[in-house]
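Asker: Sharing data38.txt, compact mmCIF, N, CA and C atoms:
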# COMPACT_ATOMS: atom_id res chain seq x y z
N MET A 1 1.81 -16.90 -22.78
CA MET A 1 1.91 -15.47 -22.78
C MET A 1 0.53 -14.85 -22.51
N ALA A 2 0.44 -13.90 -21.57
CA ALA A 2 -0.82 -13.25 -21.24
C ALA A 2 -1.20 -12.25 -22.32
N HIS A 3 -2.47 -12.12 -22.55
CA HIS A 3 -3.00 -11.14 -23.49
C HIS A 3 -3.52 -9.95 -22.69
N ALA A 4 -3.09 -8.75 -23.04
CA ALA A 4 -3.44 -7.55 -22.27
C ALA A 4 -4.94 -7.38 -22.12
N ASN A 5 -5.72 -7.71 -23.15
CA ASN A 5 -7.15 -7.51 -23.07
C ASN A 5 -7.86 -8.61 -22.27
N LEU A 6 -7.15 -9.64 -21.88
CA LEU A 6 -7.73 -10.72 -21.10
C LEU A 6 -7.35 -10.65 -19.62
N VAL A 7 -6.32 -9.91 -19.31
CA VAL A 7 -5.84 -9.81 -17.94
C VAL A 7 -6.39 -8.54 -17.32
N HIS A 8 -7.02 -8.70 -16.16
CA HIS A 8 -7.60 -7.55 -15.46
C HIS A 8 -7.01 -7.47 -14.06
N ARG A 9 -6.66 -6.29 -13.64
CA ARG A 9 -6.12 -6.03 -12.30
C ARG A 9 -7.18 -5.23 -11.56
N TRP A 10 -7.64 -5.75 -10.40
CA TRP A 10 -8.69 -5.03 -9.65
C TRP A 10 -8.28 -3.59 -9.40
N SER A 11 -7.01 -3.36 -9.11
CA SER A 11 -6.56 -2.00 -8.79
C SER A 11 -6.66 -1.06 -9.99
N ASP A 12 -6.78 -1.60 -11.20
CA ASP A 12 -6.88 -0.77 -12.40
C ASP A 12 -8.31 -0.59 -12.91
N LEU A 13 -9.24 -1.37 -12.39
CA LEU A 13 -10.62 -1.32 -12.89
C LEU A 13 -11.39 -0.16 -12.26
N PRO A 14 -12.32 0.42 -13.01
CA PRO A 14 -13.14 1.49 -12.43
C PRO A 14 -14.03 0.94 -11.32
N THR A 15 -14.32 1.81 -10.36
CA THR A 15 -15.18 1.45 -9.24
C THR A 15 -16.45 2.28 -9.33
N ASP A 16 -17.61 1.62 -9.20
CA ASP A 16 -18.85 2.38 -9.11
C ASP A 16 -19.47 2.14 -7.74
N ARG A 17 -20.38 3.00 -7.36
CA ARG A 17 -21.05 2.95 -6.06
C ARG A 17 -22.55 3.00 -6.27
N PRO A 18 -23.15 1.83 -6.58
CA PRO A 18 -24.58 1.81 -6.89
C PRO A 18 -25.48 2.07 -5.68
N MET A 19 -24.92 1.98 -4.48
CA MET A 19 -25.69 2.30 -3.28
C MET A 19 -24.73 2.70 -2.17
N GLU A 20 -25.26 3.33 -1.12
CA GLU A 20 -24.45 3.78 -0.01
C GLU A 20 -23.74 2.60 0.66
N LYS A 21 -22.50 2.79 1.06
CA LYS A 21 -21.67 1.81 1.77
C LYS A 21 -21.29 0.60 0.91
N LEU A 22 -21.37 0.73 -0.44
CA LEU A 22 -21.04 -0.38 -1.31
C LEU A 22 -20.24 0.12 -2.51
N ALA A 23 -19.11 -0.53 -2.76
CA ALA A 23 -18.28 -0.22 -3.93
C ALA A 23 -18.15 -1.49 -4.76
N ARG A 24 -18.14 -1.31 -6.10
CA ARG A 24 -18.14 -2.48 -6.98
C ARG A 24 -17.23 -2.27 -8.17
N GLN A 25 -16.54 -3.36 -8.54
CA GLN A 25 -15.75 -3.42 -9.77
C GLN A 25 -16.21 -4.68 -10.51
N ARG A 26 -16.18 -4.65 -11.84
CA ARG A 26 -16.67 -5.80 -12.59
C ARG A 26 -15.78 -6.16 -13.76
N VAL A 27 -15.71 -7.45 -14.02
CA VAL A 27 -15.14 -7.99 -15.25
C VAL A 27 -16.30 -8.71 -15.93
N ILE A 28 -16.64 -8.27 -17.15
CA ILE A 28 -17.82 -8.80 -17.83
C ILE A 28 -17.39 -9.53 -19.09
N GLY A 29 -17.75 -10.82 -19.14
CA GLY A 29 -17.47 -11.64 -20.31
C GLY A 29 -18.75 -11.91 -21.08
N GLU A 30 -18.66 -12.83 -22.04
CA GLU A 30 -19.83 -13.17 -22.85
C GLU A 30 -20.83 -14.01 -22.09
N LYS A 31 -20.35 -14.92 -21.21
CA LYS A 31 -21.25 -15.86 -20.56
C LYS A 31 -21.26 -15.76 -19.04
N CYS A 32 -20.38 -14.95 -18.48
CA CYS A 32 -20.39 -14.75 -17.03
C CYS A 32 -19.81 -13.38 -16.69
N MET A 33 -20.04 -12.99 -15.46
CA MET A 33 -19.56 -11.71 -14.97
C MET A 33 -19.10 -11.91 -13.53
N VAL A 34 -17.97 -11.30 -13.17
CA VAL A 34 -17.47 -11.34 -11.80
C VAL A 34 -17.48 -9.91 -11.27
N SER A 35 -18.09 -9.75 -10.11
CA SER A 35 -18.11 -8.44 -9.44
C SER A 35 -17.34 -8.56 -8.14
N ARG A 36 -16.42 -7.64 -7.93
CA ARG A 36 -15.74 -7.53 -6.63
C ARG A 36 -16.50 -6.45 -5.87
N ILE A 37 -17.07 -6.86 -4.75
CA ILE A 37 -17.94 -5.99 -3.97
C ILE A 37 -17.28 -5.74 -2.61
N VAL A 38 -17.22 -4.49 -2.20
CA VAL A 38 -16.77 -4.13 -0.85
C VAL A 38 -17.96 -3.47 -0.16
N LEU A 39 -18.43 -4.11 0.91
CA LEU A 39 -19.57 -3.60 1.67
C LEU A 39 -19.07 -3.16 3.04
N GLU A 40 -19.35 -1.92 3.39
CA GLU A 40 -18.99 -1.44 4.73
C GLU A 40 -19.98 -2.01 5.74
N LYS A 41 -19.55 -2.15 6.97
CA LYS A 41 -20.41 -2.67 8.03
C LYS A 41 -21.73 -1.91 8.04
N GLY A 42 -22.83 -2.66 8.11
CA GLY A 42 -24.15 -2.05 8.13
C GLY A 42 -24.78 -1.86 6.77
N CYS A 43 -24.03 -2.10 5.70
CA CYS A 43 -24.60 -2.00 4.36
C CYS A 43 -25.74 -3.00 4.24
N ASP A 44 -26.92 -2.53 3.88
CA ASP A 44 -28.11 -3.37 3.80
C ASP A 44 -28.62 -3.38 2.37
N VAL A 45 -28.35 -4.47 1.66
CA VAL A 45 -28.77 -4.61 0.26
C VAL A 45 -30.23 -5.05 0.27
N PRO A 46 -31.13 -4.26 -0.32
CA PRO A 46 -32.55 -4.59 -0.27
C PRO A 46 -32.90 -5.86 -1.03
N ALA A 47 -34.04 -6.45 -0.65
CA ALA A 47 -34.52 -7.68 -1.29
C ALA A 47 -34.73 -7.46 -2.79
N HIS A 48 -34.28 -8.43 -3.56
CA HIS A 48 -34.42 -8.39 -5.01
C HIS A 48 -34.26 -9.80 -5.56
N ALA A 49 -34.57 -9.97 -6.81
CA ALA A 49 -34.36 -11.23 -7.52
C ALA A 49 -33.91 -10.86 -8.93
N HIS A 50 -33.20 -11.77 -9.58
CA HIS A 50 -32.76 -11.55 -10.95
C HIS A 50 -32.65 -12.87 -11.69
N GLU A 51 -32.63 -12.77 -13.00
CA GLU A 51 -32.59 -13.97 -13.85
C GLU A 51 -31.25 -14.68 -13.82
N ASN A 52 -30.21 -14.01 -13.31
CA ASN A 52 -28.87 -14.60 -13.28
C ASN A 52 -28.75 -15.59 -12.13
N GLU A 53 -28.02 -16.68 -12.36
CA GLU A 53 -27.52 -17.46 -11.24
C GLU A 53 -26.41 -16.63 -10.61
N GLN A 54 -26.23 -16.76 -9.30
CA GLN A 54 -25.20 -15.98 -8.61
C GLN A 54 -24.50 -16.88 -7.60
N ILE A 55 -23.18 -16.80 -7.58
CA ILE A 55 -22.40 -17.45 -6.54
C ILE A 55 -21.68 -16.34 -5.80
N ALA A 56 -21.95 -16.20 -4.51
CA ALA A 56 -21.32 -15.18 -3.68
C ALA A 56 -20.20 -15.85 -2.89
N MET A 57 -18.97 -15.42 -3.12
CA MET A 57 -17.81 -15.97 -2.43
C MET A 57 -17.27 -14.90 -1.50
N ILE A 58 -17.26 -15.17 -0.21
CA ILE A 58 -16.83 -14.19 0.77
C ILE A 58 -15.32 -14.34 0.97
N ILE A 59 -14.59 -13.27 0.65
CA ILE A 59 -13.14 -13.26 0.76
C ILE A 59 -12.72 -12.84 2.17
N GLU A 60 -13.39 -11.82 2.69
CA GLU A 60 -13.16 -11.41 4.08
C GLU A 60 -14.47 -10.82 4.61
N GLY A 61 -14.69 -10.96 5.90
CA GLY A 61 -15.88 -10.41 6.52
C GLY A 61 -17.00 -11.44 6.63
N GLU A 62 -18.23 -10.93 6.77
CA GLU A 62 -19.40 -11.80 6.97
C GLU A 62 -20.67 -11.07 6.51
N LEU A 63 -21.48 -11.79 5.74
CA LEU A 63 -22.78 -11.28 5.30
C LEU A 63 -23.89 -12.17 5.85
N GLU A 64 -25.01 -11.55 6.18
CA GLU A 64 -26.20 -12.32 6.50
C GLU A 64 -27.16 -12.15 5.33
N PHE A 65 -27.41 -13.23 4.61
CA PHE A 65 -28.37 -13.23 3.52
C PHE A 65 -29.73 -13.60 4.07
N ARG A 66 -30.77 -13.03 3.49
CA ARG A 66 -32.14 -13.41 3.79
C ARG A 66 -32.71 -13.95 2.48
N LEU A 67 -33.18 -15.19 2.51
CA LEU A 67 -33.53 -15.91 1.28
C LEU A 67 -35.01 -16.23 1.19
N GLY A 68 -35.54 -16.14 -0.01
CA GLY A 68 -36.91 -16.53 -0.29
C GLY A 68 -37.93 -15.56 0.28
N GLU A 69 -39.18 -15.88 0.09
CA GLU A 69 -40.27 -15.03 0.56
C GLU A 69 -40.31 -14.94 2.09
N GLU A 70 -39.87 -16.01 2.76
CA GLU A 70 -39.88 -16.03 4.22
C GLU A 70 -38.67 -15.31 4.82
N GLY A 71 -37.67 -15.02 4.02
CA GLY A 71 -36.48 -14.32 4.50
C GLY A 71 -35.62 -15.16 5.43
N GLU A 72 -35.48 -16.46 5.13
CA GLU A 72 -34.62 -17.34 5.94
C GLU A 72 -33.21 -16.77 6.00
N ALA A 73 -32.69 -16.59 7.23
CA ALA A 73 -31.36 -16.00 7.43
C ALA A 73 -30.27 -17.06 7.28
N VAL A 74 -29.25 -16.73 6.48
CA VAL A 74 -28.09 -17.60 6.28
C VAL A 74 -26.85 -16.72 6.38
N ARG A 75 -25.96 -17.04 7.30
CA ARG A 75 -24.70 -16.30 7.44
C ARG A 75 -23.61 -16.96 6.61
N VAL A 76 -22.88 -16.12 5.88
CA VAL A 76 -21.79 -16.62 5.03
C VAL A 76 -20.55 -15.83 5.41
N ARG A 77 -19.50 -16.56 5.79
CA ARG A 77 -18.27 -15.96 6.32
C ARG A 77 -17.11 -16.13 5.34
N ALA A 78 -16.01 -15.46 5.65
CA ALA A 78 -14.79 -15.57 4.83
C ALA A 78 -14.45 -17.04 4.61
N GLY A 79 -14.15 -17.38 3.37
CA GLY A 79 -13.82 -18.75 3.01
C GLY A 79 -15.03 -19.59 2.63
N GLU A 80 -16.23 -18.99 2.68
CA GLU A 80 -17.46 -19.71 2.33
C GLU A 80 -18.11 -19.08 1.10
N SER A 81 -18.97 -19.87 0.44
CA SER A 81 -19.70 -19.41 -0.74
C SER A 81 -21.18 -19.75 -0.60
N LEU A 82 -22.01 -18.98 -1.28
CA LEU A 82 -23.44 -19.22 -1.30
C LEU A 82 -23.90 -19.24 -2.74
N MET A 83 -24.61 -20.30 -3.14
CA MET A 83 -25.16 -20.43 -4.49
C MET A 83 -26.59 -19.92 -4.46
N LEU A 84 -26.88 -18.92 -5.29
CA LEU A 84 -28.22 -18.36 -5.38
C LEU A 84 -28.79 -18.71 -6.76
N PRO A 85 -29.80 -19.58 -6.80
CA PRO A 85 -30.40 -19.90 -8.10
C PRO A 85 -31.07 -18.68 -8.73
N ALA A 86 -31.26 -18.71 -10.02
CA ALA A 86 -31.96 -17.64 -10.72
C ALA A 86 -33.33 -17.42 -10.11
N ASN A 87 -33.73 -16.16 -10.02
CA ASN A 87 -35.06 -15.73 -9.56
C ASN A 87 -35.34 -15.97 -8.09
N LEU A 88 -34.34 -16.30 -7.28
CA LEU A 88 -34.54 -16.45 -5.84
C LEU A 88 -34.45 -15.07 -5.19
N LYS A 89 -35.51 -14.66 -4.52
CA LYS A 89 -35.50 -13.38 -3.82
C LYS A 89 -34.48 -13.46 -2.69
N HIS A 90 -33.65 -12.40 -2.57
CA HIS A 90 -32.62 -12.39 -1.53
C HIS A 90 -32.23 -10.96 -1.19
N SER A 91 -31.70 -10.80 0.00
CA SER A 91 -31.13 -9.52 0.45
C SER A 91 -29.90 -9.87 1.27
N ALA A 92 -29.13 -8.85 1.65
CA ALA A 92 -27.91 -9.12 2.42
C ALA A 92 -27.61 -7.95 3.34
N LEU A 93 -27.06 -8.27 4.51
CA LEU A 93 -26.63 -7.28 5.48
C LEU A 93 -25.17 -7.56 5.83
N ALA A 94 -24.31 -6.54 5.72
CA ALA A 94 -22.89 -6.69 6.07
C ALA A 94 -22.77 -6.59 7.59
N LEU A 95 -22.40 -7.69 8.23
CA LEU A 95 -22.24 -7.72 9.68
C LEU A 95 -20.91 -7.10 10.10
N GLU A 96 -20.00 -6.99 9.14
CA GLU A 96 -18.72 -6.31 9.30
C GLU A 96 -18.27 -5.93 7.91
N ARG A 97 -17.18 -5.16 7.80
CA ARG A 97 -16.68 -4.82 6.47
C ARG A 97 -16.40 -6.13 5.73
N THR A 98 -16.94 -6.24 4.52
CA THR A 98 -16.88 -7.50 3.79
C THR A 98 -16.42 -7.26 2.36
N VAL A 99 -15.56 -8.17 1.89
CA VAL A 99 -15.15 -8.20 0.49
C VAL A 99 -15.67 -9.52 -0.08
N ALA A 100 -16.40 -9.41 -1.19
CA ALA A 100 -16.98 -10.60 -1.81
C ALA A 100 -16.71 -10.58 -3.31
N LEU A 101 -16.62 -11.76 -3.88
CA LEU A 101 -16.61 -11.91 -5.33
C LEU A 101 -17.94 -12.57 -5.70
N ASP A 102 -18.72 -11.90 -6.53
CA ASP A 102 -19.99 -12.45 -7.00
C ASP A 102 -19.84 -12.83 -8.46
N VAL A 103 -20.17 -14.08 -8.77
CA VAL A 103 -20.14 -14.56 -10.15
C VAL A 103 -21.59 -14.64 -10.62
N PHE A 104 -21.88 -14.02 -11.76
CA PHE A 104 -23.22 -14.03 -12.33
C PHE A 104 -23.18 -14.69 -13.70
N SER A 105 -24.18 -15.53 -13.97
CA SER A 105 -24.33 -16.10 -15.29
C SER A 105 -25.82 -16.15 -15.61
N PRO A 106 -26.22 -15.60 -16.74
CA PRO A 106 -25.41 -14.86 -17.69
C PRO A 106 -25.07 -13.47 -17.15
N PRO A 107 -24.12 -12.77 -17.78
CA PRO A 107 -23.79 -11.41 -17.34
C PRO A 107 -24.95 -10.47 -17.67
N SER A 108 -24.99 -9.34 -16.97
CA SER A 108 -26.01 -8.34 -17.27
C SER A 108 -25.50 -6.97 -16.85
N GLU A 109 -26.02 -5.95 -17.51
CA GLU A 109 -25.63 -4.57 -17.20
C GLU A 109 -26.08 -4.20 -15.80
N LYS A 110 -27.24 -4.69 -15.38
CA LYS A 110 -27.80 -4.34 -14.08
C LYS A 110 -28.01 -5.60 -13.25
N THR A 111 -27.79 -5.46 -11.95
CA THR A 111 -28.11 -6.53 -11.01
C THR A 111 -29.04 -5.92 -9.96
N GLY A 112 -29.33 -6.66 -8.92
CA GLY A 112 -30.28 -6.19 -7.92
C GLY A 112 -29.88 -4.94 -7.19
N ILE A 113 -28.60 -4.58 -7.20
CA ILE A 113 -28.16 -3.39 -6.46
C ILE A 113 -28.16 -2.14 -7.32
N ASP A 114 -28.47 -2.27 -8.60
CA ASP A 114 -28.48 -1.11 -9.48
C ASP A 114 -29.83 -0.41 -9.41
N ARG A 115 -29.76 0.92 -9.35
CA ARG A 115 -30.99 1.71 -9.38
C ARG A 115 -31.54 1.69 -10.80
N SER A 116 -32.83 1.74 -10.90
CA SER A 116 -33.48 1.70 -12.22
C SER A 116 -33.07 2.88 -13.08
Would you mind writing the file's structure down as structure tokens?
Answerer:
Amino acid sequence: MAHANLVHRWSDLPTDRPMEKLARQRVIGEKCMVSRIVLEKGCDVPAHAHENEQIAMIIEGELEFRLGEEGEAVRVRAGESLMLPANLKHSALALERTVALDVFSPPSEKTGIDRS
């Protein structure tokens, strides 16, 4: 039997817009957090790093990540995932409208896309 407080429906969760061309919904637990991110084509997430490990799973669309101080470009498409270790500087550009699930551990109130 499902417990109402454990079951979350994306369509029922609040959506925030921490930056232009990006919408986000989150489920936050004690040890991990999942964010459903919708990035419109051209959305450019600035370079940042955070203490959380992050796994970016692309559900539809395509992102170009730039990794490390050198900004090595890595394209991640629908059906693919990218593991980002804690404290790795990274940015992302939506090459088309993209839906991604980002898993963060540990969870946090703010991630790299949140304004101070």
Asker: Report as a PyMOL selection string all protein, DNA and RNA residues lying within 6.5 Å of region 48-63 of chain A, evaluated on only N, CA and C atoms, omitting residues in the same chain fewer than 6 positions from it.
Answerer: chain A and resi 74-106+112
Asker: Out of chain A, which residues get strand (DSSP E) from DSSP, as a ChimeraX atom specification?
Answerer: /A:16-19,22-28,33-39,44-48,53-60,62-67,72-77,81-84,90-94,98-105
Asker: In Å, with one decimal, what is the gap from CA of Gly29 (chain A) to atom C of Leu6 (chain A)?
Answerer: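 Calculated distance between CA of Gly29 (chain A) and atom C of Leu6 (chain A) is 10.2 Å.
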Asker: Rounded to one decimal place, report the CA of Pro14 (chain A)-CA of Val45 (chain A) distance in Å.
Answerer: 21.0 Å
Asker: Return the single residue from A:Met19, A:Arg66, A:Ser35, A:Arg9 that is closest to Ile113 (chain A), with distances computed using only N, CA and C atoms.
Answerer: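 The shortest atom-to-atom distance to Ile113 (chain A) comes from A:Met19.
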Asker: Could you work out how far atom N of Thr15 (chain A) lies from atom C of Thr111 (chain A), giving the answer in Å with one decimal?
Answerer: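 Answer for the atom C of Thr111 (chain A) to atom N of Thr15 (chain A) separation: 16.6 Å.
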Asker: Which one of A:Asp114, A:Glu69, A:Glu64, A:Glu20 sits closest to Val38 (chain A) if you count only C-alpha atoms?
Answerer: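 Ranking A:Asp114, A:Glu69, A:Glu64, A:Glu20 by distance to Val38 (chain A), first place goes to A:Glu20.
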